Structures are given as structure tokens and as C-alpha cells.
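The structure file coords10.cif is reproduced below (mmCIF, N, CA and C atoms).
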data_query
#
loop_
_atom_site.label_atom_id
_atom_site.label_comp_id
_atom_site.auth_asym_id
_atom_site.auth_seq_id
_atom_site.Cartn_x
_atom_site.Cartn_y
_atom_site.Cartn_z
N ASN A 1210 -28.93 -89.46 140.52
CA ASN A 1210 -29.60 -90.54 139.84
C ASN A 1210 -30.79 -91.01 140.67
N ASP A 1211 -31.53 -91.93 140.15
CA ASP A 1211 -32.73 -92.38 140.86
C ASP A 1211 -32.56 -93.76 141.50
N THR A 1212 -31.30 -94.15 141.78
CA THR A 1212 -31.06 -95.44 142.42
C THR A 1212 -31.73 -95.53 143.78
N PRO A 1213 -31.62 -94.51 144.66
CA PRO A 1213 -32.32 -94.63 145.96
C PRO A 1213 -33.82 -94.86 145.79
N LYS A 1214 -34.42 -94.18 144.81
CA LYS A 1214 -35.87 -94.35 144.57
C LYS A 1214 -36.17 -95.78 144.16
N LYS A 1215 -35.31 -96.35 143.30
CA LYS A 1215 -35.50 -97.73 142.87
C LYS A 1215 -35.40 -98.71 144.03
N LEU A 1216 -34.58 -98.34 145.02
CA LEU A 1216 -34.40 -99.20 146.20
C LEU A 1216 -35.41 -98.91 147.31
N GLY A 1217 -36.30 -97.97 147.07
CA GLY A 1217 -37.33 -97.66 148.06
C GLY A 1217 -36.85 -96.75 149.18
N VAL A 1218 -35.77 -96.01 148.95
CA VAL A 1218 -35.25 -95.09 149.97
C VAL A 1218 -35.88 -93.72 149.72
N PRO A 1219 -36.67 -93.22 150.67
CA PRO A 1219 -37.32 -91.93 150.46
C PRO A 1219 -36.32 -90.77 150.48
N ALA A 1220 -36.60 -89.78 149.68
CA ALA A 1220 -35.71 -88.63 149.56
C ALA A 1220 -35.64 -87.81 150.85
N ALA A 1221 -36.71 -87.76 151.60
CA ALA A 1221 -36.76 -86.90 152.79
C ALA A 1221 -35.65 -87.25 153.79
N GLY A 1222 -35.44 -88.52 154.03
CA GLY A 1222 -34.39 -88.92 154.97
C GLY A 1222 -33.01 -88.55 154.48
N MET A 1223 -32.78 -88.73 153.18
CA MET A 1223 -31.47 -88.38 152.62
C MET A 1223 -31.24 -86.87 152.67
N ILE A 1224 -32.27 -86.10 152.39
CA ILE A 1224 -32.15 -84.64 152.43
C ILE A 1224 -31.90 -84.18 153.87
N PHE A 1225 -32.64 -84.74 154.82
CA PHE A 1225 -32.44 -84.39 156.23
C PHE A 1225 -31.01 -84.72 156.66
N ASN A 1226 -30.55 -85.92 156.35
CA ASN A 1226 -29.21 -86.34 156.75
C ASN A 1226 -28.14 -85.47 156.09
N PHE A 1227 -28.32 -85.15 154.82
CA PHE A 1227 -27.37 -84.27 154.14
C PHE A 1227 -27.32 -82.90 154.82
N GLY A 1228 -28.47 -82.35 155.10
CA GLY A 1228 -28.53 -81.03 155.76
C GLY A 1228 -27.88 -81.06 157.13
N LEU A 1229 -28.18 -82.10 157.90
CA LEU A 1229 -27.60 -82.23 159.24
C LEU A 1229 -26.08 -82.35 159.16
N CYS A 1230 -25.60 -83.17 158.26
CA CYS A 1230 -24.15 -83.35 158.11
C CYS A 1230 -23.48 -82.09 157.59
N ALA A 1231 -24.12 -81.40 156.64
CA ALA A 1231 -23.55 -80.16 156.11
C ALA A 1231 -23.45 -79.10 157.21
N PHE A 1232 -24.51 -78.96 158.00
CA PHE A 1232 -24.49 -78.03 159.12
C PHE A 1232 -23.38 -78.39 160.11
N SER A 1233 -23.25 -79.67 160.41
CA SER A 1233 -22.23 -80.12 161.35
C SER A 1233 -20.82 -79.86 160.84
N VAL A 1234 -20.58 -80.16 159.58
CA VAL A 1234 -19.26 -79.91 158.99
C VAL A 1234 -18.94 -78.42 159.05
N TYR A 1235 -19.91 -77.59 158.69
CA TYR A 1235 -19.71 -76.15 158.76
C TYR A 1235 -19.34 -75.72 160.18
N ALA A 1236 -20.12 -76.17 161.16
CA ALA A 1236 -19.88 -75.76 162.55
C ALA A 1236 -18.51 -76.21 163.03
N LEU A 1237 -18.14 -77.43 162.70
CA LEU A 1237 -16.88 -77.98 163.19
C LEU A 1237 -15.67 -77.39 162.47
N LEU A 1238 -15.74 -77.26 161.16
CA LEU A 1238 -14.58 -76.77 160.42
C LEU A 1238 -14.36 -75.27 160.53
N THR A 1239 -15.39 -74.54 160.89
CA THR A 1239 -15.22 -73.09 161.03
C THR A 1239 -15.10 -72.67 162.49
N GLY A 1240 -15.07 -73.65 163.41
CA GLY A 1240 -14.84 -73.35 164.82
C GLY A 1240 -15.93 -72.52 165.47
N GLN A 1241 -17.16 -72.79 165.13
CA GLN A 1241 -18.27 -72.05 165.73
C GLN A 1241 -18.31 -72.29 167.25
N SER A 1242 -18.87 -71.34 167.97
CA SER A 1242 -18.91 -71.43 169.43
C SER A 1242 -19.72 -72.64 169.90
N TYR A 1243 -20.61 -73.12 169.09
CA TYR A 1243 -21.47 -74.26 169.45
C TYR A 1243 -20.94 -75.58 168.88
N ALA A 1244 -19.74 -75.59 168.33
CA ALA A 1244 -19.19 -76.78 167.66
C ALA A 1244 -19.10 -77.98 168.59
N ASP A 1245 -18.70 -77.77 169.84
CA ASP A 1245 -18.62 -78.91 170.78
C ASP A 1245 -19.97 -79.57 170.97
N ASN A 1246 -21.01 -78.77 171.08
CA ASN A 1246 -22.35 -79.34 171.24
C ASN A 1246 -22.80 -80.07 169.98
N VAL A 1247 -22.44 -79.54 168.83
CA VAL A 1247 -22.78 -80.20 167.57
C VAL A 1247 -22.09 -81.55 167.50
N ALA A 1248 -20.80 -81.60 167.86
CA ALA A 1248 -20.06 -82.86 167.84
C ALA A 1248 -20.70 -83.88 168.78
N LYS A 1249 -21.05 -83.45 169.97
CA LYS A 1249 -21.69 -84.36 170.93
C LYS A 1249 -23.03 -84.86 170.40
N PHE A 1250 -23.80 -83.96 169.81
CA PHE A 1250 -25.08 -84.35 169.26
C PHE A 1250 -24.90 -85.39 168.15
N MET A 1251 -23.95 -85.14 167.25
CA MET A 1251 -23.75 -86.05 166.12
C MET A 1251 -23.31 -87.44 166.59
N VAL A 1252 -22.42 -87.47 167.58
CA VAL A 1252 -22.00 -88.77 168.13
C VAL A 1252 -23.21 -89.49 168.72
N GLY A 1253 -24.02 -88.76 169.47
CA GLY A 1253 -25.23 -89.36 170.05
C GLY A 1253 -26.24 -89.78 168.99
N PHE A 1254 -26.43 -88.93 167.99
CA PHE A 1254 -27.38 -89.21 166.91
C PHE A 1254 -26.97 -90.47 166.16
N PHE A 1255 -25.70 -90.53 165.76
CA PHE A 1255 -25.23 -91.71 165.02
C PHE A 1255 -25.18 -92.94 165.92
N GLY A 1256 -24.81 -92.76 167.18
CA GLY A 1256 -24.79 -93.88 168.12
C GLY A 1256 -26.18 -94.46 168.33
N LEU A 1257 -27.16 -93.60 168.53
CA LEU A 1257 -28.54 -94.06 168.72
C LEU A 1257 -29.04 -94.80 167.48
N ASN A 1258 -28.84 -94.20 166.31
CA ASN A 1258 -29.25 -94.87 165.07
C ASN A 1258 -28.52 -96.19 164.90
N GLY A 1259 -27.23 -96.20 165.18
CA GLY A 1259 -26.44 -97.42 165.02
C GLY A 1259 -26.92 -98.55 165.90
N VAL A 1260 -27.19 -98.25 167.16
CA VAL A 1260 -27.65 -99.30 168.07
C VAL A 1260 -29.02 -99.81 167.63
N VAL A 1261 -29.91 -98.90 167.25
CA VAL A 1261 -31.24 -99.34 166.80
C VAL A 1261 -31.12 -100.19 165.54
N PHE A 1262 -30.31 -99.76 164.58
CA PHE A 1262 -30.13 -100.55 163.36
C PHE A 1262 -29.56 -101.92 163.68
N ALA A 1263 -28.58 -101.98 164.58
CA ALA A 1263 -27.93 -103.26 164.90
C ALA A 1263 -28.86 -104.20 165.66
N VAL A 1264 -29.64 -103.66 166.58
CA VAL A 1264 -30.50 -104.50 167.43
C VAL A 1264 -31.85 -104.79 166.77
N ALA A 1265 -32.43 -103.81 166.13
CA ALA A 1265 -33.75 -103.96 165.50
C ALA A 1265 -33.73 -103.30 164.13
N PRO A 1266 -33.05 -103.94 163.16
CA PRO A 1266 -32.85 -103.28 161.86
C PRO A 1266 -34.12 -102.88 161.13
N SER A 1267 -35.17 -103.66 161.23
CA SER A 1267 -36.40 -103.28 160.52
C SER A 1267 -37.04 -102.05 161.16
N VAL A 1268 -36.93 -101.94 162.48
CA VAL A 1268 -37.46 -100.76 163.18
C VAL A 1268 -36.64 -99.53 162.81
N GLY A 1269 -35.31 -99.67 162.82
CA GLY A 1269 -34.45 -98.55 162.45
C GLY A 1269 -34.67 -98.10 161.02
N ALA A 1270 -34.77 -99.07 160.12
CA ALA A 1270 -35.01 -98.74 158.72
C ALA A 1270 -36.37 -98.07 158.55
N GLY A 1271 -37.35 -98.59 159.26
CA GLY A 1271 -38.70 -98.02 159.19
C GLY A 1271 -38.75 -96.59 159.67
N ALA A 1272 -37.93 -96.25 160.67
CA ALA A 1272 -37.89 -94.88 161.17
C ALA A 1272 -37.41 -93.91 160.09
N TRP A 1273 -36.64 -94.41 159.14
CA TRP A 1273 -36.16 -93.59 158.02
C TRP A 1273 -36.99 -93.80 156.76
N GLY A 1274 -38.10 -94.55 156.88
CA GLY A 1274 -39.00 -94.76 155.76
C GLY A 1274 -38.57 -95.85 154.81
N ILE A 1275 -37.67 -96.73 155.26
CA ILE A 1275 -37.16 -97.78 154.38
C ILE A 1275 -37.80 -99.11 154.76
N THR A 1276 -38.30 -99.81 153.79
CA THR A 1276 -38.81 -101.16 154.00
C THR A 1276 -38.10 -102.07 153.01
N GLY A 1277 -38.06 -103.33 153.32
CA GLY A 1277 -37.41 -104.24 152.40
C GLY A 1277 -37.41 -105.66 152.88
N ASP A 1278 -36.63 -106.45 152.19
CA ASP A 1278 -36.57 -107.88 152.47
C ASP A 1278 -35.43 -108.20 153.44
N ASP A 1279 -35.08 -109.47 153.51
CA ASP A 1279 -34.01 -109.90 154.42
C ASP A 1279 -32.67 -109.27 154.10
N LYS A 1280 -32.43 -108.99 152.83
CA LYS A 1280 -31.16 -108.36 152.45
C LYS A 1280 -31.07 -106.93 152.97
N VAL A 1281 -32.18 -106.21 152.91
CA VAL A 1281 -32.20 -104.85 153.44
C VAL A 1281 -31.98 -104.89 154.95
N GLU A 1282 -32.63 -105.84 155.62
CA GLU A 1282 -32.46 -105.97 157.06
C GLU A 1282 -31.01 -106.32 157.40
N PHE A 1283 -30.40 -107.20 156.63
CA PHE A 1283 -29.00 -107.57 156.82
C PHE A 1283 -28.11 -106.34 156.64
N LEU A 1284 -28.35 -105.56 155.60
CA LEU A 1284 -27.58 -104.36 155.35
C LEU A 1284 -27.73 -103.35 156.49
N MET A 1285 -28.95 -103.12 156.93
CA MET A 1285 -29.19 -102.15 158.00
C MET A 1285 -28.52 -102.60 159.30
N LYS A 1286 -28.59 -103.89 159.60
CA LYS A 1286 -27.97 -104.41 160.83
C LYS A 1286 -26.47 -104.16 160.80
N ASN A 1287 -25.83 -104.48 159.69
CA ASN A 1287 -24.38 -104.30 159.61
C ASN A 1287 -24.00 -102.83 159.55
N PHE A 1288 -24.81 -102.02 158.91
CA PHE A 1288 -24.59 -100.58 158.92
C PHE A 1288 -24.68 -100.06 160.34
N GLY A 1289 -25.60 -100.63 161.12
CA GLY A 1289 -25.74 -100.24 162.52
C GLY A 1289 -24.48 -100.49 163.32
N PHE A 1290 -23.88 -101.66 163.14
CA PHE A 1290 -22.63 -101.94 163.84
C PHE A 1290 -21.53 -100.96 163.40
N PHE A 1291 -21.51 -100.65 162.10
CA PHE A 1291 -20.50 -99.74 161.56
C PHE A 1291 -20.64 -98.35 162.15
N ILE A 1292 -21.84 -97.77 162.13
CA ILE A 1292 -21.96 -96.40 162.63
C ILE A 1292 -21.88 -96.35 164.15
N THR A 1293 -22.22 -97.44 164.83
CA THR A 1293 -21.99 -97.48 166.27
C THR A 1293 -20.49 -97.43 166.54
N SER A 1294 -19.72 -98.12 165.73
CA SER A 1294 -18.27 -98.09 165.86
C SER A 1294 -17.74 -96.66 165.71
N TRP A 1295 -18.24 -95.95 164.72
CA TRP A 1295 -17.84 -94.56 164.52
C TRP A 1295 -18.21 -93.71 165.73
N ALA A 1296 -19.41 -93.90 166.25
CA ALA A 1296 -19.86 -93.12 167.40
C ALA A 1296 -19.01 -93.42 168.63
N VAL A 1297 -18.65 -94.68 168.82
CA VAL A 1297 -17.79 -95.04 169.95
C VAL A 1297 -16.42 -94.35 169.81
N LEU A 1298 -15.87 -94.38 168.62
CA LEU A 1298 -14.58 -93.71 168.38
C LEU A 1298 -14.69 -92.22 168.66
N GLY A 1299 -15.68 -91.58 168.08
CA GLY A 1299 -15.86 -90.14 168.29
C GLY A 1299 -16.11 -89.79 169.74
N GLY A 1300 -16.95 -90.57 170.40
CA GLY A 1300 -17.24 -90.32 171.81
C GLY A 1300 -16.02 -90.49 172.69
N ALA A 1301 -15.24 -91.52 172.42
CA ALA A 1301 -14.04 -91.76 173.22
C ALA A 1301 -13.02 -90.64 173.04
N VAL A 1302 -12.84 -90.19 171.82
CA VAL A 1302 -11.89 -89.09 171.56
C VAL A 1302 -12.38 -87.81 172.23
N MET A 1303 -13.67 -87.53 172.12
CA MET A 1303 -14.21 -86.32 172.75
C MET A 1303 -14.08 -86.35 174.26
N LYS A 1304 -14.14 -87.53 174.85
CA LYS A 1304 -13.99 -87.64 176.31
C LYS A 1304 -12.54 -87.59 176.75
N GLY A 1305 -11.62 -87.48 175.76
CA GLY A 1305 -10.21 -87.36 176.10
C GLY A 1305 -9.46 -88.67 176.18
N GLU A 1306 -10.07 -89.72 175.69
CA GLU A 1306 -9.41 -91.03 175.71
C GLU A 1306 -8.21 -91.01 174.78
N ASP A 1307 -7.17 -91.73 175.16
CA ASP A 1307 -6.00 -91.89 174.31
C ASP A 1307 -6.45 -92.44 172.96
N ALA A 1308 -5.83 -91.95 171.87
CA ALA A 1308 -6.26 -92.34 170.52
C ALA A 1308 -6.24 -93.85 170.31
N ALA A 1309 -5.18 -94.51 170.78
CA ALA A 1309 -5.08 -95.96 170.60
C ALA A 1309 -6.22 -96.68 171.31
N LYS A 1310 -6.55 -96.25 172.52
CA LYS A 1310 -7.66 -96.88 173.24
C LYS A 1310 -8.99 -96.59 172.56
N ALA A 1311 -9.15 -95.37 172.06
CA ALA A 1311 -10.38 -95.02 171.36
C ALA A 1311 -10.57 -95.93 170.14
N ILE A 1312 -9.49 -96.19 169.43
CA ILE A 1312 -9.57 -97.10 168.28
C ILE A 1312 -9.93 -98.50 168.74
N GLY A 1313 -9.33 -98.95 169.83
CA GLY A 1313 -9.65 -100.27 170.37
C GLY A 1313 -11.12 -100.39 170.75
N TYR A 1314 -11.63 -99.37 171.44
CA TYR A 1314 -13.05 -99.38 171.80
C TYR A 1314 -13.92 -99.43 170.56
N SER A 1315 -13.52 -98.71 169.50
CA SER A 1315 -14.35 -98.66 168.30
C SER A 1315 -14.40 -99.99 167.56
N PHE A 1316 -13.43 -100.86 167.82
CA PHE A 1316 -13.45 -102.16 167.16
C PHE A 1316 -14.40 -103.15 167.86
N VAL A 1317 -14.82 -102.83 169.06
CA VAL A 1317 -15.74 -103.73 169.77
C VAL A 1317 -17.06 -103.89 169.03
N PRO A 1318 -17.74 -102.81 168.60
CA PRO A 1318 -18.97 -103.01 167.83
C PRO A 1318 -18.74 -103.77 166.52
N CYS A 1319 -17.59 -103.55 165.89
CA CYS A 1319 -17.29 -104.29 164.66
C CYS A 1319 -17.20 -105.79 164.94
N LEU A 1320 -16.51 -106.13 166.02
CA LEU A 1320 -16.40 -107.54 166.40
C LEU A 1320 -17.76 -108.11 166.76
N LEU A 1321 -18.57 -107.33 167.46
CA LEU A 1321 -19.93 -107.79 167.79
C LEU A 1321 -20.74 -108.06 166.53
N GLY A 1322 -20.53 -107.25 165.48
CA GLY A 1322 -21.21 -107.49 164.21
C GLY A 1322 -20.82 -108.82 163.59
N LEU A 1323 -19.53 -109.14 163.66
CA LEU A 1323 -19.08 -110.44 163.13
C LEU A 1323 -19.63 -111.59 163.97
N ILE A 1324 -19.64 -111.41 165.28
CA ILE A 1324 -20.19 -112.45 166.15
C ILE A 1324 -21.67 -112.65 165.85
N ASP A 1325 -22.40 -111.55 165.71
CA ASP A 1325 -23.82 -111.65 165.39
C ASP A 1325 -24.04 -112.37 164.07
N GLY A 1326 -23.34 -111.95 163.04
CA GLY A 1326 -23.54 -112.54 161.71
C GLY A 1326 -23.20 -114.01 161.63
N ASN A 1327 -22.21 -114.44 162.42
CA ASN A 1327 -21.77 -115.83 162.38
C ASN A 1327 -22.47 -116.73 163.38
N LEU A 1328 -22.80 -116.20 164.56
CA LEU A 1328 -23.29 -117.07 165.63
C LEU A 1328 -24.72 -116.80 166.09
N ILE A 1329 -25.19 -115.57 165.96
CA ILE A 1329 -26.50 -115.23 166.53
C ILE A 1329 -27.57 -115.19 165.43
N SER A 1330 -27.49 -114.20 164.55
CA SER A 1330 -28.48 -114.12 163.47
C SER A 1330 -28.16 -115.08 162.33
N LYS A 1331 -26.92 -115.55 162.30
CA LYS A 1331 -26.45 -116.52 161.29
C LYS A 1331 -26.68 -116.04 159.86
N SER A 1332 -26.56 -114.73 159.66
CA SER A 1332 -26.74 -114.18 158.32
C SER A 1332 -25.63 -114.62 157.36
N VAL A 1333 -24.47 -114.94 157.90
CA VAL A 1333 -23.38 -115.43 157.05
C VAL A 1333 -23.81 -116.72 156.35
N ASP A 1334 -24.41 -117.63 157.11
CA ASP A 1334 -24.93 -118.86 156.52
C ASP A 1334 -26.11 -118.59 155.60
N LYS A 1335 -27.01 -117.73 156.06
CA LYS A 1335 -28.23 -117.45 155.31
C LYS A 1335 -27.94 -116.92 153.91
N PHE A 1336 -26.92 -116.09 153.80
CA PHE A 1336 -26.60 -115.48 152.51
C PHE A 1336 -25.43 -116.16 151.81
N GLY A 1337 -25.02 -117.31 152.32
CA GLY A 1337 -23.98 -118.09 151.67
C GLY A 1337 -22.62 -117.42 151.61
N MET A 1338 -22.31 -116.66 152.62
CA MET A 1338 -21.02 -115.96 152.65
C MET A 1338 -19.92 -116.91 153.10
N ALA A 1339 -18.72 -116.67 152.59
CA ALA A 1339 -17.57 -117.48 153.00
C ALA A 1339 -17.23 -117.18 154.46
N LYS A 1340 -16.96 -118.21 155.23
CA LYS A 1340 -16.69 -118.02 156.66
C LYS A 1340 -15.23 -117.69 156.96
N ASN A 1341 -14.30 -118.20 156.16
CA ASN A 1341 -12.89 -117.96 156.48
C ASN A 1341 -12.55 -116.47 156.54
N PRO A 1342 -13.02 -115.64 155.62
CA PRO A 1342 -12.73 -114.20 155.76
C PRO A 1342 -13.34 -113.61 157.03
N GLN A 1343 -14.50 -114.13 157.42
CA GLN A 1343 -15.14 -113.66 158.66
C GLN A 1343 -14.24 -113.97 159.86
N TYR A 1344 -13.73 -115.18 159.89
CA TYR A 1344 -12.86 -115.59 161.00
C TYR A 1344 -11.56 -114.79 160.99
N PHE A 1345 -11.01 -114.57 159.79
CA PHE A 1345 -9.78 -113.79 159.68
C PHE A 1345 -9.98 -112.40 160.29
N TRP A 1346 -11.07 -111.72 159.88
CA TRP A 1346 -11.30 -110.37 160.40
C TRP A 1346 -11.64 -110.37 161.88
N ALA A 1347 -12.26 -111.42 162.37
CA ALA A 1347 -12.51 -111.51 163.81
C ALA A 1347 -11.19 -111.58 164.57
N VAL A 1348 -10.25 -112.38 164.07
CA VAL A 1348 -8.93 -112.50 164.71
C VAL A 1348 -8.20 -111.15 164.65
N VAL A 1349 -8.25 -110.48 163.50
CA VAL A 1349 -7.61 -109.17 163.38
C VAL A 1349 -8.22 -108.19 164.38
N GLN A 1350 -9.53 -108.18 164.48
CA GLN A 1350 -10.18 -107.25 165.40
C GLN A 1350 -9.89 -107.59 166.85
N ILE A 1351 -9.86 -108.86 167.19
CA ILE A 1351 -9.50 -109.25 168.56
C ILE A 1351 -8.08 -108.79 168.87
N ALA A 1352 -7.18 -108.95 167.91
CA ALA A 1352 -5.79 -108.53 168.11
C ALA A 1352 -5.71 -107.01 168.32
N ILE A 1353 -6.46 -106.25 167.54
CA ILE A 1353 -6.45 -104.79 167.69
C ILE A 1353 -7.02 -104.39 169.04
N ILE A 1354 -8.12 -105.01 169.42
CA ILE A 1354 -8.73 -104.72 170.72
C ILE A 1354 -7.76 -105.04 171.85
N ALA A 1355 -7.15 -106.19 171.78
CA ALA A 1355 -6.19 -106.60 172.83
C ALA A 1355 -4.98 -105.66 172.85
N ALA A 1356 -4.45 -105.35 171.69
CA ALA A 1356 -3.25 -104.50 171.64
C ALA A 1356 -3.49 -103.08 172.12
N THR A 1357 -4.71 -102.59 171.94
CA THR A 1357 -4.98 -101.21 172.30
C THR A 1357 -5.61 -101.04 173.69
N LEU A 1358 -6.33 -102.04 174.14
CA LEU A 1358 -7.03 -101.88 175.41
C LEU A 1358 -6.35 -102.60 176.59
N LEU A 1359 -5.46 -103.51 176.30
CA LEU A 1359 -4.80 -104.26 177.37
C LEU A 1359 -3.38 -103.76 177.57
N GLN A 1360 -3.17 -102.47 177.48
CA GLN A 1360 -1.84 -101.88 177.64
C GLN A 1360 -1.46 -101.75 179.09
#

Just give me the structure of the file as C-alpha cells.
Amino acid sequence: NDTPKKLGVPAAGMIFNFGLCAFSVYALLTGQSYADNVAKFMVGFFGLNGVVFAVAPSVGAGAWGITGDDKVEFLMKNFGFFITSWAVLGGAVMKGEDAAKAIGYSFVPCLLGLIDGNLISKSVDKFGMAKNPQYFWAVVQIAIIAATLLQ
């Protein structure tokens, strides 16, 4: 469909990302000799994009050809925390970290996203979001972090 076009998302970035992910899935699922390097690259690639999106969402979005208003910036920032979380999980597992600890580490960027939205960028207030669910998920994430990392 043409929803991405309506939202101002250029096709080139989506095609590049699809190709990169398809190549990575092929390499990893078929056990290619270079699969370890592909996994490391993907963790780094997503981690770099995630940090840039979280810290400077308009810059990160612009690198992919996306421009927009405050809502787009809010989306990119939160997407950044999400994919950073994935990269932390993948990186920790690849380094041989215990699965429970890797999960705990991956919740740190998620918690930072909630802290940012509620206390730093105050996007929760800006967009009129309910705060109680934010606090609930912060408590859940703190509990997961504590349970997995303070063993």
C-alpha cells in the first residue's frame, strides 16, 4: 500500500532495510560461515541507529530521509529506545551473558525511555498520555532489572 508514502517515508530506506534484514536472516538461518560477523554487524547497526534515534530523533529520522512534526520525533525517539533494547539483548547473548542477565540489561534502555518521556523530554505531558500506565511499566521494568541483574 502507499501508507509509507503518505507519511513521508521514502521507499529507498525501506528497501535497503528489507534487503539487509533478508540477507541477515539468510546468513543466520542457513549457518553461513560469515553468520557470526553478520550478527555482530546487525547488533551494531541497530544499536547505532537506536542510540541516534533516542538521543537525536530528528537527526536519526533525517538520515533515513524522514521529516515530520513533534509526533514523528516522539515516535522516532521511542523507537530508538526499543531497538537499542534489542541490540543490548542481542549483544549480551552474543558475548555469552546468561539469558536472564541479558534480558535484564535489555530492559535498561526501555526504562530510560520511560524516564525520558516522563521527566526529561516530558512527551507524556505534551501528548496528554495517562501517567499511571507509565508508572506501572516503570515499576515492572525496575523489578525485572533488579530480579535479573542483582542475583

Point to revise | Residues matched by the PyMOL selection byres (((chain A and resi 1311-1313 and name CA) around 7) and name CA), written as a PyMOL selection string | key: chain A and resi 1298+1301-1302+1306-1310+1314-1316+1353-1354+1357-1358

**Study point:** Chain and number of each residue from the PyMOL selection byres (((chain A and resi 1340-1347 and name CA) around 10) and name CA), as number ranges by chain
**Key:** A: 1316, 1319-1324, 1326-1327, 1333-1334, 1337-1339, 1348-1353

Check your understanding: What is the atom N of A:Leu1284 to atom N of A:Phe1254 distance in Å?
Key -> 20.8 Å

Check your understanding: Leaving out A:Ser1233 and any residue of its chain fewer than 6 positions from it, which residues lie within 8 Å of it when counting all atoms listed in the file, given as a VMD selection string?
Key -> chain A and resid 1227 1239 1244 1247 to 1248 1251

Practice item. Might you spell out which residues the PyMOL selection byres (((chain A and resi 1259 and name CA) around 8) and name CA) would select in the displayed file, as a PyMOL selection string? Key: chain A and resi 1255-1258+1260-1263+1288-1293

Exercise for review: From stretch 1251-1322 of chain A, collect each residue whose DSSP state is helix (DSSP H, G or I) and return the set as a PyMOL selection string.
Suggested key: chain A and resi 1251-1264+1266-1272+1279-1303+1308-1322

Check your understanding: Which value, in Å to one decimal, gives the distance between atom CA of A:Trp1295 and atom CA of A:Val1252?
Key ->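 For atom CA of A:Trp1295 relative to atom CA of A:Val1252, the distance reads 8.0 Å.
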
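With atom C of A:Pro1219 on one side and atom N of A:Ile1275 on the other, the separation reads 7.8 Å.
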
Exercise for review: Just the residues within 8 Å of A:Val1218, please, counting all atoms listed in the file, with nothing from its chain fewer than 5 positions along; format it as a PyMOL selection string.
Suggested key: chain A and resi 1212-1213+1223+1273-1276

Check your understanding: Counting all atoms listed in the file, which of A:Lys1304, A:Ser1330, A:Ala1220, A:Ser1294 gets nearest to A:Pro1318?
Key ->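 Under the stated criterion, the closest residue is A:Ser1294.
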
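When only C-alpha atoms are used to measure the gap to A:Gly1271, the shortest distance among A:Leu1328, A:Leu1229, A:Gly1217, A:Leu1359 belongs to A:Gly1217.
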
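Contact shell of A:Lys1280 at 10 Å (only C-alpha atoms; same-chain neighbours under 5 positions omitted): Met1285, Lys1286, Ser1332, Lys1335 and Phe1336 of chain A.
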
Where atoms are absent from stretch 1313-1318 of chain A, fill them in so it carries all heavy atoms, then output it as a short mmCIF file (atom, residue, chain, number, x, y, z; two decimals), keeping the file's coordinate frame.
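Done, and the output landed in selection20.cif:
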data_model
loop_
_atom_site.label_atom_id
_atom_site.label_comp_id
_atom_site.auth_asym_id
_atom_site.auth_seq_id
_atom_site.Cartn_x
_atom_site.Cartn_y
_atom_site.Cartn_z
N GLY A 1313 -9.33 -98.95 169.83
CA GLY A 1313 -9.65 -100.27 170.37
C GLY A 1313 -11.12 -100.39 170.75
O GLY A 1313 -11.79 -101.37 170.41
N TYR A 1314 -11.63 -99.37 171.44
CA TYR A 1314 -13.05 -99.38 171.80
C TYR A 1314 -13.92 -99.43 170.56
O TYR A 1314 -14.95 -100.10 170.54
CB TYR A 1314 -13.41 -98.14 172.62
CG TYR A 1314 -12.86 -98.13 174.02
CD1 TYR A 1314 -12.23 -96.99 174.53
CD2 TYR A 1314 -12.95 -99.23 174.85
CE1 TYR A 1314 -11.73 -96.95 175.81
CE2 TYR A 1314 -12.45 -99.21 176.14
CZ TYR A 1314 -11.83 -98.07 176.62
OH TYR A 1314 -11.33 -98.05 177.88
N SER A 1315 -13.52 -98.71 169.50
CA SER A 1315 -14.35 -98.66 168.30
C SER A 1315 -14.40 -99.99 167.56
O SER A 1315 -15.32 -100.21 166.77
CB SER A 1315 -13.86 -97.55 167.36
OG SER A 1315 -12.68 -97.94 166.68
N PHE A 1316 -13.43 -100.86 167.82
CA PHE A 1316 -13.45 -102.16 167.16
C PHE A 1316 -14.40 -103.15 167.86
O PHE A 1316 -14.75 -104.17 167.27
CB PHE A 1316 -12.04 -102.75 167.05
CG PHE A 1316 -11.34 -102.37 165.78
CD1 PHE A 1316 -10.69 -101.15 165.67
CD2 PHE A 1316 -11.36 -103.21 164.68
CE1 PHE A 1316 -10.06 -100.79 164.50
CE2 PHE A 1316 -10.73 -102.85 163.50
CZ PHE A 1316 -10.08 -101.63 163.41
N VAL A 1317 -14.82 -102.83 169.06
CA VAL A 1317 -15.74 -103.73 169.77
C VAL A 1317 -17.06 -103.89 169.03
O VAL A 1317 -17.51 -105.03 168.80
CB VAL A 1317 -15.93 -103.29 171.24
CG1 VAL A 1317 -17.02 -104.10 171.92
CG2 VAL A 1317 -14.60 -103.40 172.00
N PRO A 1318 -17.74 -102.81 168.60
CA PRO A 1318 -18.97 -103.01 167.83
C PRO A 1318 -18.74 -103.77 166.52
O PRO A 1318 -19.59 -104.56 166.11
CB PRO A 1318 -19.48 -101.59 167.56
CG PRO A 1318 -18.84 -100.75 168.59
CD PRO A 1318 -17.51 -101.38 168.89
#
